[in-house]
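Chemist: Structure file model-v2.cif (mmCIF, C-alpha atoms and all ligand atoms) right here:
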data_input
loop_
_atom_site.label_atom_id
_atom_site.label_comp_id
_atom_site.auth_asym_id
_atom_site.auth_seq_id
_atom_site.Cartn_x
_atom_site.Cartn_y
_atom_site.Cartn_z
CA MET X 1 -4.85 -1.76 16.64
CA GLN X 2 -8.23 -0.46 15.43
CA GLN X 3 -10.33 -3.03 13.58
CA ARG X 4 -12.31 -3.16 10.35
CA THR X 5 -14.65 -5.79 8.95
CA ILE X 6 -14.86 -7.54 5.59
CA GLY X 7 -18.02 -9.34 4.51
CA THR X 8 -21.30 -9.58 6.33
CA GLY X 9 -23.16 -12.03 8.54
CA ASP X 10 -21.61 -15.28 9.78
CA ASN X 11 -18.87 -15.10 7.18
CA GLN X 12 -17.63 -11.69 8.34
CA ILE X 13 -13.95 -11.35 9.21
CA ARG X 14 -12.36 -8.76 11.48
CA VAL X 15 -9.02 -7.36 10.41
CA SER X 16 -6.59 -4.72 11.62
CA ALA X 17 -7.16 -1.23 10.22
CA LEU X 18 -3.80 -1.40 8.45
CA CYS X 19 -2.93 -4.28 6.16
CA LEU X 20 0.76 -5.05 5.71
CA GLY X 21 1.74 -5.69 2.09
CA ALA X 22 4.28 -8.49 1.71
CA MET X 23 5.04 -7.94 -1.99
CA TYR X 24 8.79 -7.50 -1.57
CA PHE X 25 9.30 -9.97 1.27
CA GLY X 26 11.67 -12.71 0.22
CA THR X 27 13.03 -10.80 -2.78
CA ARG X 28 13.83 -7.09 -2.47
CA VAL X 29 13.49 -7.30 1.32
CA ASP X 30 15.63 -10.13 2.69
CA GLU X 31 14.27 -12.85 4.94
CA ASP X 32 15.62 -11.50 8.26
CA THR X 33 14.30 -8.00 7.61
CA SER X 34 10.95 -9.34 6.39
CA ARG X 35 10.58 -11.40 9.56
CA ALA X 36 11.53 -8.43 11.74
CA VAL X 37 8.89 -6.27 10.01
CA LEU X 38 6.26 -9.00 10.34
CA ASP X 39 7.08 -9.56 14.02
CA ARG X 40 6.86 -5.85 14.76
CA PHE X 41 3.55 -5.53 12.88
CA VAL X 42 2.05 -8.35 14.95
CA GLU X 43 3.50 -6.92 18.15
CA ALA X 44 1.70 -3.64 17.32
CA GLY X 45 -1.61 -5.49 16.95
CA GLY X 46 -1.55 -5.94 13.17
CA THR X 47 -3.37 -9.05 11.97
CA PHE X 48 -3.96 -8.48 8.26
CA ILE X 49 -1.30 -9.43 5.68
CA ASP X 50 -1.50 -9.17 1.90
CA THR X 51 0.42 -11.17 -0.66
CA ALA X 52 -0.05 -12.75 -4.12
CA ASP X 53 1.14 -15.82 -5.94
CA ASN X 54 3.23 -13.76 -8.37
CA TYR X 55 5.19 -11.80 -5.70
CA ASN X 56 7.77 -11.18 -6.77
CA GLN X 57 8.11 -12.70 -10.17
CA TRP X 58 9.26 -9.65 -12.04
CA LEU X 59 12.21 -8.81 -9.76
CA ARG X 60 14.10 -12.02 -10.23
CA ARG X 61 12.52 -13.42 -13.38
CA SER X 62 11.40 -16.26 -11.16
CA ASP X 63 8.31 -18.40 -11.04
CA GLY X 64 6.97 -16.22 -8.18
CA GLY X 65 5.76 -17.44 -4.82
CA GLU X 66 8.72 -16.07 -2.81
CA SER X 67 6.49 -13.88 -0.63
CA GLU X 68 3.94 -16.63 0.06
CA THR X 69 6.70 -19.12 0.84
CA LEU X 70 8.37 -16.75 3.29
CA LEU X 71 5.04 -16.02 4.98
CA GLY X 72 4.36 -19.75 5.24
CA ARG X 73 7.72 -20.37 6.95
CA TRP X 74 7.27 -17.40 9.29
CA MET X 75 3.72 -18.41 10.31
CA ALA X 76 4.84 -21.97 10.98
CA ASP X 77 7.77 -20.79 13.13
CA ARG X 78 5.69 -18.29 15.08
CA ARG X 79 2.61 -20.55 15.38
CA ILE X 80 0.29 -17.58 15.00
CA ARG X 81 -1.69 -18.53 11.93
CA ASP X 82 -4.99 -18.43 13.82
CA ASP X 83 -4.39 -14.84 14.92
CA LEU X 84 -3.91 -13.61 11.37
CA THR X 85 -5.98 -12.84 8.30
CA ILE X 86 -4.09 -13.81 5.16
CA ALA X 87 -5.06 -12.41 1.79
CA THR X 88 -3.53 -13.62 -1.45
CA LYS X 89 -4.30 -13.32 -5.15
CA GLY X 90 -4.19 -15.39 -8.30
CA GLY X 91 -4.38 -14.91 -12.02
CA ALA X 92 -1.58 -12.40 -12.63
CA LYS X 93 1.31 -14.81 -12.76
CA THR X 94 3.04 -14.65 -16.10
CA THR X 95 3.65 -17.89 -17.88
CA VAL X 96 6.65 -16.60 -19.83
CA ILE X 97 9.35 -15.91 -17.27
CA GLY X 98 10.79 -12.44 -17.40
CA ASP X 99 8.23 -11.04 -19.76
CA ALA X 100 5.31 -9.50 -17.91
CA ARG X 101 3.26 -8.47 -20.92
CA GLU X 102 -0.45 -8.72 -20.32
CA GLU X 103 -0.98 -11.49 -22.83
CA ASN X 104 1.28 -13.71 -20.74
CA PHE X 105 -0.80 -13.50 -17.57
CA GLU X 106 -2.08 -16.95 -16.78
CA GLY X 107 -5.50 -15.43 -16.23
CA LEU X 108 -8.73 -16.40 -14.57
CA GLY X 109 -9.99 -19.51 -16.33
CA ALA X 110 -11.61 -22.06 -14.00
CA ALA X 111 -8.78 -24.62 -14.08
CA THR X 112 -6.14 -21.93 -13.51
CA ILE X 113 -8.00 -20.49 -10.54
CA ARG X 114 -8.25 -23.88 -8.89
CA ARG X 115 -4.62 -24.78 -9.45
CA ALA X 116 -3.36 -21.31 -8.44
CA ALA X 117 -5.34 -21.34 -5.18
CA GLU X 118 -4.11 -24.84 -4.31
CA ASP X 119 -0.51 -23.76 -5.02
CA SER X 120 -0.95 -20.70 -2.77
CA LEU X 121 -2.38 -22.86 0.02
CA ARG X 122 0.63 -25.16 -0.21
CA ARG X 123 3.19 -22.35 -0.20
CA LEU X 124 1.47 -20.59 2.69
CA GLY X 125 1.04 -23.84 4.62
CA LEU X 126 -2.66 -23.16 5.10
CA ASP X 127 -5.81 -25.19 4.66
CA ARG X 128 -7.85 -22.05 4.01
CA ILE X 129 -7.07 -18.60 2.59
CA ASP X 130 -9.05 -15.95 4.45
CA LEU X 131 -9.43 -13.59 1.49
CA TYR X 132 -8.70 -14.64 -2.08
CA TYR X 133 -8.59 -12.06 -4.88
CA ALA X 134 -8.83 -12.23 -8.63
CA HIS X 135 -5.64 -10.18 -9.15
CA TRP X 136 -6.81 -8.42 -12.31
CA ASP X 137 -9.79 -8.44 -14.62
CA ASP X 138 -9.10 -11.13 -17.22
CA ARG X 139 -11.83 -10.61 -19.81
CA LYS X 140 -11.02 -13.64 -21.93
CA PRO X 141 -13.02 -16.26 -20.02
CA PRO X 142 -16.74 -15.58 -19.52
CA LEU X 143 -17.35 -13.83 -16.21
CA GLU X 144 -19.59 -16.77 -15.25
CA GLU X 145 -16.56 -19.07 -15.47
CA THR X 146 -14.33 -16.90 -13.28
CA VAL X 147 -16.99 -16.06 -10.73
CA GLY X 148 -18.19 -19.66 -10.63
CA ALA X 149 -14.67 -21.01 -10.05
CA LEU X 150 -14.00 -18.52 -7.26
CA GLY X 151 -17.37 -19.33 -5.70
CA LYS X 152 -16.49 -23.02 -5.80
CA LEU X 153 -13.27 -22.32 -3.87
CA ALA X 154 -15.46 -20.77 -1.17
CA SER X 155 -18.09 -23.50 -1.14
CA ASP X 156 -15.32 -26.13 -0.93
CA GLY X 157 -13.89 -24.31 2.09
CA LEU X 158 -10.55 -23.45 0.47
CA VAL X 159 -11.10 -19.70 0.82
CA GLY X 160 -13.20 -17.47 3.06
CA GLN X 161 -13.99 -14.15 1.43
CA ILE X 162 -13.57 -13.49 -2.28
CA GLY X 163 -12.28 -10.21 -3.65
CA CYS X 164 -11.12 -8.66 -6.88
CA SER X 165 -8.35 -6.25 -7.72
CA ASN X 166 -7.71 -3.81 -10.57
CA TYR X 167 -11.35 -3.94 -11.62
CA ALA X 168 -13.60 -1.33 -13.21
CA THR X 169 -16.69 -0.46 -11.19
CA TRP X 170 -19.09 -1.80 -13.79
CA ARG X 171 -17.28 -5.16 -13.86
CA LEU X 172 -17.46 -5.41 -10.07
CA GLU X 173 -21.19 -4.78 -10.21
CA ARG X 174 -21.68 -7.28 -13.03
CA ALA X 175 -19.59 -9.92 -11.26
CA ARG X 176 -21.71 -9.57 -8.14
CA ARG X 177 -24.86 -10.03 -10.18
CA VAL X 178 -23.38 -13.10 -11.87
CA ALA X 179 -22.50 -14.53 -8.45
CA ALA X 180 -26.04 -13.93 -7.22
CA ASP X 181 -27.47 -15.62 -10.34
CA LEU X 182 -25.15 -18.60 -9.90
CA GLY X 183 -25.91 -18.79 -6.17
CA VAL X 184 -22.23 -18.56 -5.19
CA SER X 185 -20.26 -16.19 -2.94
CA GLY X 186 -19.58 -12.88 -4.66
CA TYR X 187 -16.88 -10.27 -4.23
CA THR X 188 -16.89 -8.64 -0.80
CA ALA X 189 -13.64 -6.73 -1.23
CA ILE X 190 -11.94 -4.73 -3.93
CA GLN X 191 -8.24 -3.87 -3.88
CA GLN X 192 -7.25 -0.92 -6.05
CA GLU X 193 -4.44 1.58 -6.26
CA TYR X 194 -5.51 4.54 -4.14
CA THR X 195 -3.60 7.26 -2.41
CA TYR X 196 -4.00 10.90 -1.41
CA LEU X 197 -2.97 12.16 -4.85
CA TRP X 198 -5.23 11.60 -7.85
CA PRO X 199 -3.58 10.30 -11.03
CA ARG X 200 -4.58 11.54 -14.46
CA PRO X 201 -7.34 9.37 -15.93
CA GLY X 202 -5.67 6.48 -17.75
CA PRO X 203 -6.22 2.84 -18.63
CA ALA X 204 -5.46 1.54 -15.11
CA PRO X 205 -8.67 1.05 -13.08
CA VAL X 206 -7.59 3.02 -9.99
CA VAL X 207 -10.15 4.32 -7.51
CA GLY X 208 -12.08 7.26 -8.92
CA ARG X 209 -15.20 9.18 -8.01
CA GLU X 210 -17.45 6.62 -9.68
CA MET X 211 -16.09 3.78 -7.57
CA LEU X 212 -16.30 5.83 -4.38
CA ASP X 213 -19.94 6.62 -5.21
CA TYR X 214 -20.65 2.93 -5.83
CA LEU X 215 -18.95 1.83 -2.61
CA THR X 216 -20.75 4.47 -0.58
CA VAL X 217 -24.01 2.79 -1.55
CA HIS X 218 -22.61 -0.77 -1.37
CA SER X 219 -21.02 -0.53 2.05
CA ASP X 220 -20.88 -4.33 2.27
CA ILE X 221 -17.90 -4.27 -0.12
CA ALA X 222 -14.59 -3.41 1.56
CA LEU X 223 -12.19 -1.08 -0.23
CA LEU X 224 -8.52 -1.93 0.12
CA ALA X 225 -6.10 0.76 -1.04
CA TYR X 226 -2.78 -0.49 -2.37
CA SER X 227 0.34 1.69 -2.76
CA PRO X 228 -1.07 4.27 -0.31
CA LEU X 229 2.41 5.79 0.16
CA LEU X 230 2.78 6.16 -3.59
CA SER X 231 5.39 3.41 -3.39
CA GLY X 232 7.72 5.52 -1.27
CA THR X 233 7.43 8.80 -3.18
CA TYR X 234 6.02 10.78 -0.24
CA GLY X 235 8.97 9.75 1.90
CA ARG X 236 11.58 10.89 -0.61
CA PRO X 237 11.40 14.64 -1.29
CA GLU X 238 14.06 14.35 -3.99
CA ARG X 239 11.95 11.92 -6.03
CA PRO X 240 9.58 13.36 -8.68
CA LEU X 241 6.00 12.17 -8.72
CA PRO X 242 5.75 9.03 -10.89
CA ALA X 243 4.93 10.16 -14.43
CA ASN X 244 4.48 6.60 -15.71
CA ARG X 245 1.53 6.14 -13.34
CA GLY X 246 -0.09 9.48 -14.20
CA TYR X 247 0.85 11.39 -11.02
CA ALA X 248 3.15 14.03 -12.54
CA HIS X 249 0.67 16.81 -13.26
CA PRO X 250 0.26 20.31 -11.79
CA SER X 251 -2.76 19.47 -9.57
CA ALA X 252 -0.90 16.54 -8.06
CA TYR X 253 2.11 18.72 -7.20
CA ALA X 254 -0.25 21.29 -5.63
CA ARG X 255 -2.02 18.58 -3.63
CA PHE X 256 1.32 17.13 -2.52
CA GLN X 257 2.19 20.59 -1.18
CA VAL X 258 -1.00 20.57 0.93
CA LEU X 259 -0.01 17.14 2.27
CA ARG X 260 3.41 18.48 3.27
CA GLU X 261 1.95 21.61 4.88
CA VAL X 262 -0.56 19.63 6.94
CA ALA X 263 2.18 17.18 7.93
CA ASP X 264 4.34 20.05 9.19
CA GLU X 265 1.45 21.53 11.14
CA VAL X 266 0.58 18.30 12.93
CA SER X 267 4.25 17.32 13.43
CA ALA X 268 3.88 14.20 11.35
CA THR X 269 5.40 12.97 8.10
CA PRO X 270 3.65 13.12 4.70
CA ASN X 271 3.50 9.29 4.80
CA GLN X 272 1.66 9.40 8.12
CA VAL X 273 -0.81 12.04 6.96
CA ALA X 274 -1.45 10.14 3.71
CA LEU X 275 -2.26 6.99 5.72
CA ALA X 276 -4.29 8.90 8.32
CA TRP X 277 -6.31 10.53 5.53
CA LEU X 278 -7.21 7.05 4.28
CA LEU X 279 -7.99 5.85 7.82
CA HIS X 280 -10.47 8.73 8.18
CA HIS X 281 -11.92 8.13 4.71
CA ARG X 282 -15.60 7.67 3.87
CA PRO X 283 -16.41 5.20 2.41
CA ALA X 284 -14.06 3.27 4.69
CA VAL X 285 -10.68 2.27 3.31
CA ILE X 286 -8.15 -0.28 4.53
CA PRO X 287 -4.67 0.82 3.43
CA VAL X 288 -2.42 -1.98 2.14
CA PHE X 289 1.00 -0.45 2.72
CA GLY X 290 4.56 -1.64 2.30
CA ALA X 291 7.56 -1.34 4.62
CA SER X 292 11.11 -2.32 3.75
CA SER X 293 12.42 -1.90 7.30
CA VAL X 294 11.19 -1.82 10.89
CA ALA X 295 11.81 1.95 10.93
CA GLN X 296 9.48 2.43 7.94
CA LEU X 297 6.90 0.21 9.60
CA ASP X 298 7.06 2.21 12.83
CA GLU X 299 6.59 5.41 10.88
CA ALA X 300 3.50 3.98 9.19
CA LEU X 301 2.09 2.76 12.51
CA GLY X 302 2.34 6.35 13.76
CA ALA X 303 -0.55 7.19 11.42
CA LEU X 304 -2.88 5.29 13.75
CA GLU X 305 -2.21 7.87 16.47
CA LEU X 306 -2.97 10.80 14.21
CA THR X 307 -6.40 12.42 14.49
CA LEU X 308 -7.30 14.72 11.62
CA ASP X 309 -10.09 17.10 12.63
CA GLU X 310 -12.82 18.26 10.25
CA THR X 311 -10.91 21.41 9.32
CA LEU X 312 -7.77 19.51 8.40
CA LEU X 313 -9.74 16.89 6.50
CA ALA X 314 -11.58 19.59 4.56
CA ARG X 315 -8.25 21.22 3.68
CA LEU X 316 -6.78 17.92 2.56
CA ASP X 317 -9.89 17.05 0.56
CA ALA X 318 -9.87 20.42 -1.17
CA GLY X 319 -6.12 20.27 -1.88
N1 LIG X 401 -3.39 -5.61 -6.18
C1 LIG X 401 -2.34 -5.17 -6.84
O1 LIG X 401 -2.27 -5.20 -8.08
C2 LIG X 401 -1.19 -4.57 -6.05
C3 LIG X 401 -0.21 -3.81 -6.71
C4 LIG X 401 0.82 -3.28 -5.94
C5 LIG X 401 0.88 -3.51 -4.57
N2 LIG X 401 -0.09 -4.28 -3.97
C6 LIG X 401 -0.04 -4.55 -2.52
O2 LIG X 401 0.16 -3.34 -1.84
C7 LIG X 401 1.30 -3.45 -0.99
C8 LIG X 401 1.97 -2.12 -0.86
O3 LIG X 401 2.41 -1.68 -2.14
P1 LIG X 401 3.55 -0.60 -2.26
O4 LIG X 401 4.83 -1.19 -1.78
O5 LIG X 401 3.50 -0.04 -3.62
O6 LIG X 401 2.98 0.44 -1.18
P2 LIG X 401 3.33 1.78 -0.52
O7 LIG X 401 2.88 1.61 0.88
O8 LIG X 401 2.79 2.88 -1.34
O9 LIG X 401 4.92 1.89 -0.58
C9 LIG X 401 5.72 1.15 0.29
C10 LIG X 401 7.16 1.46 0.02
O10 LIG X 401 7.42 2.83 0.27
C11 LIG X 401 8.74 2.96 0.73
N3 LIG X 401 8.69 3.65 2.03
C12 LIG X 401 7.92 3.37 3.08
N4 LIG X 401 8.19 4.21 4.09
C13 LIG X 401 9.16 5.04 3.64
C14 LIG X 401 9.87 6.13 4.18
N5 LIG X 401 9.65 6.55 5.43
N6 LIG X 401 10.78 6.76 3.43
C15 LIG X 401 11.03 6.37 2.16
N7 LIG X 401 10.39 5.32 1.59
C16 LIG X 401 9.47 4.68 2.32
C17 LIG X 401 9.35 1.57 0.86
O11 LIG X 401 10.04 1.27 -0.33
P3 LIG X 401 11.65 1.24 -0.41
O12 LIG X 401 12.02 -0.19 -0.43
O13 LIG X 401 11.92 1.94 -1.71
O14 LIG X 401 12.23 1.97 0.76
C18 LIG X 401 8.09 0.71 0.96
O15 LIG X 401 8.31 -0.59 0.53
C19 LIG X 401 2.14 -4.54 -1.61
O16 LIG X 401 3.03 -5.13 -0.69
C20 LIG X 401 1.09 -5.48 -2.11
O17 LIG X 401 0.67 -6.31 -1.05
C21 LIG X 401 -1.13 -4.79 -4.69
#
Written as structure tokens, that's how I'd like the structure from this file.

Modeler:
Amino acid sequence: MQQRTIGTGDNQIRVSALCLGAMYFGTRVDEDTSRAVLDRFVEAGGTFIDTADNYNQWLRRSDGGESETLLGRWMADRRIRDDLTIATKGGAKTTVIGDAREENFEGLGAATIRRAAEDSLRRLGLDRIDLYYAHWDDRKPPLEETVGALGKLASDGLVGQIGCSNYATWRLERARRVAADLGVSGYTAIQQEYTYLWPRPGPAPVVGREMLDYLTVHSDIALLAYSPLLSGTYGRPERPLPANRGYAHPSAYARFQVLREVADEVSATPNQVALAWLLHHRPAVIPVFGASSVAQLDEALGALELTLDETLLARLDAG
């Protein structure tokens, strides 16, 4: 599989161009199916897997950790840990089971970060997490505390790269400055919701033009796009665009039509064109996609074979 890089210099890591999201593994996707999808991803050359300590707390009103635990068992059985890049996240676990309101997130205080990372290491069966994200932007603790605690994880060797997720551009910039002032490792990756369709502006810090402008200049920060298939919407023509996430507006329906037309023309599926569009994207994007079956995975992998020429890209961009 094609490769991408995260970070710079000696600390740089090479990852597969597609990152497999493990959010539903061990809960909505059963263990046998999850393992079959993981095996097939690796067989196809995939090396980059994404999880979080709270996957999937909200499905079963559990304490979370199901996805990390399953990945840990699978890696131990397959003995392929060294061939993989494992990303996980902390800070978005809820402390009140079954109630995912924001005020219940355990957050990004220094003690929580340390404990959460150690718990993730234990569940994954690792002595080092390759990429560790702040899962959301908890603004209660001072940024110095959060950035300092994440930097300490890196200097203690518990994590490699540090990233953030669901962040506003200005907070990413400020956090990097804080890291530089503190002399610790700063964010080298940002994971945001990003797909071919644009949502209406709303409170969620999805990728927008401002972030793309920032990342064009700061090409040392990797952009990871989560929910690139709009959580399955492109693959289900009967399903309306998700209104609760801001995608049900006339321009989005028009753009979706362009996606379908291009897919027909190149004999691909809308899912494949949506992923291929991200794979051709500038600044570079690493899609973090989900698959609930081997068939879905194989469809997604087909995007790697799809070349979109300048004319098609211009049409998609203008859509
Ligand atoms: N940082 C964050 O806050 C954050 C938030 C969300 C997700 N993520 C990460 O991003 C990953 C991907 O998220 P996502 O699941 O929302 O991504 P997605 O890639 O947009 O959607 C994947 C889902 O689409 C459906 N799908 C795939 N192929 C299909 C097909 N051919 N036909 C119909 N449906 C199809 C499947 O769901 P069905 O089971 O319905 O078939 C699959 O699980 C997660 O695993 C997680 O690692 C991160």

Chemist: Excluding stretch 150-162 of chain X and any residue of its chain fewer than 4 positions from it, enumerate the residues within 8 Å of it, using all atoms listed in the file, and give them as an MDAnalysis selection string.

Modeler: chainID X and resid 6:7 11 110 113:114 117 127:133 146 179 184:189

Chemist: Just want the residues within 6 Å of ligand LIG 401 (chain X), written as number ranges by chain, counting all atoms listed in the file.

Modeler: X: 21-23, 50-51, 135, 165, 191, 226-232, 235-236, 288-292, 296

Chemist: Between atom CA of X:Gln12 and atom CA of X:Leu297, what is the spacing in Å?

Modeler: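 These two atoms are separated by 27.3 Å.
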
Chemist: Kindly give the distance, in Å, that separates atom CA of X:Leu313 and atom CA of X:Glu265, rounded to a single decimal.

Modeler: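 Separation between atom CA of X:Leu313 and atom CA of X:Glu265: 13.0 Å.
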
Chemist: Can you list, as JSON, numbers by chain, every protein, DNA or RNA residue that comes within 10 Å of X:Ser16 when you count all atoms listed in the file, leaving out same-chain residues fewer than 4 positions away?

Modeler: {"X": [1, 2, 3, 4, 5, 20, 42, 45, 46, 47, 48, 49, 84, 85, 286]}

Chemist: What's the separation between atom CA of X:Asn54 and atom CA of X:Lys93, in Å to one decimal place?

Modeler: 4.9 Å

Chemist: Hey, can you pull every residue with an atom no more than 8 Å from (9.8, -8.7, 6.0), using only C-alpha atoms, and send it as a list of chain:residue names?

Modeler: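 These residues have at least one counted atom within 8 Å: X:Ala22, X:Tyr24, X:Phe25, X:Gly26, X:Val29, X:Asp30, X:Glu31, X:Asp32, X:Thr33, X:Ser34, X:Arg35, X:Ala36, X:Val37, X:Leu38, X:Ala291, X:Ser292, X:Ser293.
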
Chemist: Which one of X:Arg79, X:Ala225, X:Phe41, X:Gly202 sits closest to X:Ala243 if you count all atoms listed in the file?

Modeler: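 Counting all atoms listed in the file, the residue closest to X:Ala243 is X:Gly202.
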
Chemist: Just checking: using all atoms listed in the file, which residue out of X:Leu108, X:Ala76, X:Met211, X:Ala284 ends up closest to X:Lys140?

Modeler: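 So, comparing all the options, the nearest one is X:Leu108.
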
Chemist: Smallest atom-to-atom distance to X:Ser251: which of X:Pro199, X:Pro142, X:Gly72, X:Gly107, using all atoms listed in the file?

Modeler: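 The answer is X:Pro199, which sits nearest to X:Ser251.
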
Chemist: Given all atoms listed in the file as the basis, pick out the residue of X:Arg28, X:Lys89, X:Arg78, X:Arg73 nearest to X:Ala134.

Modeler: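 Of X:Arg28, X:Lys89, X:Arg78, X:Arg73, the one nearest X:Ala134, counting all atoms listed in the file, is X:Lys89.
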
Chemist: I need the residue nearest X:Gly183 from this list: X:Ala276, X:Gly148, X:Arg209, X:Gly64. Use only C-alpha atoms for the distance.

Modeler: X:Gly148

Chemist: Would you pick out the contacts of X:Ala204 at 9 Å or less, using all atoms listed in the file, so that residues sharing its chain but fewer than 3 positions from it are not included, and give the list as a ChimeraX atom specification?

Modeler: /X:166-168,193,201,245

Chemist: Measuring atom to atom with only C-alpha atoms, identify which of X:Arg115, X:Asp317, X:Trp198, X:Arg122 is nearest to X:His249.

Modeler: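 Residue with the minimum atom-to-atom distance to X:His249: X:Trp198.
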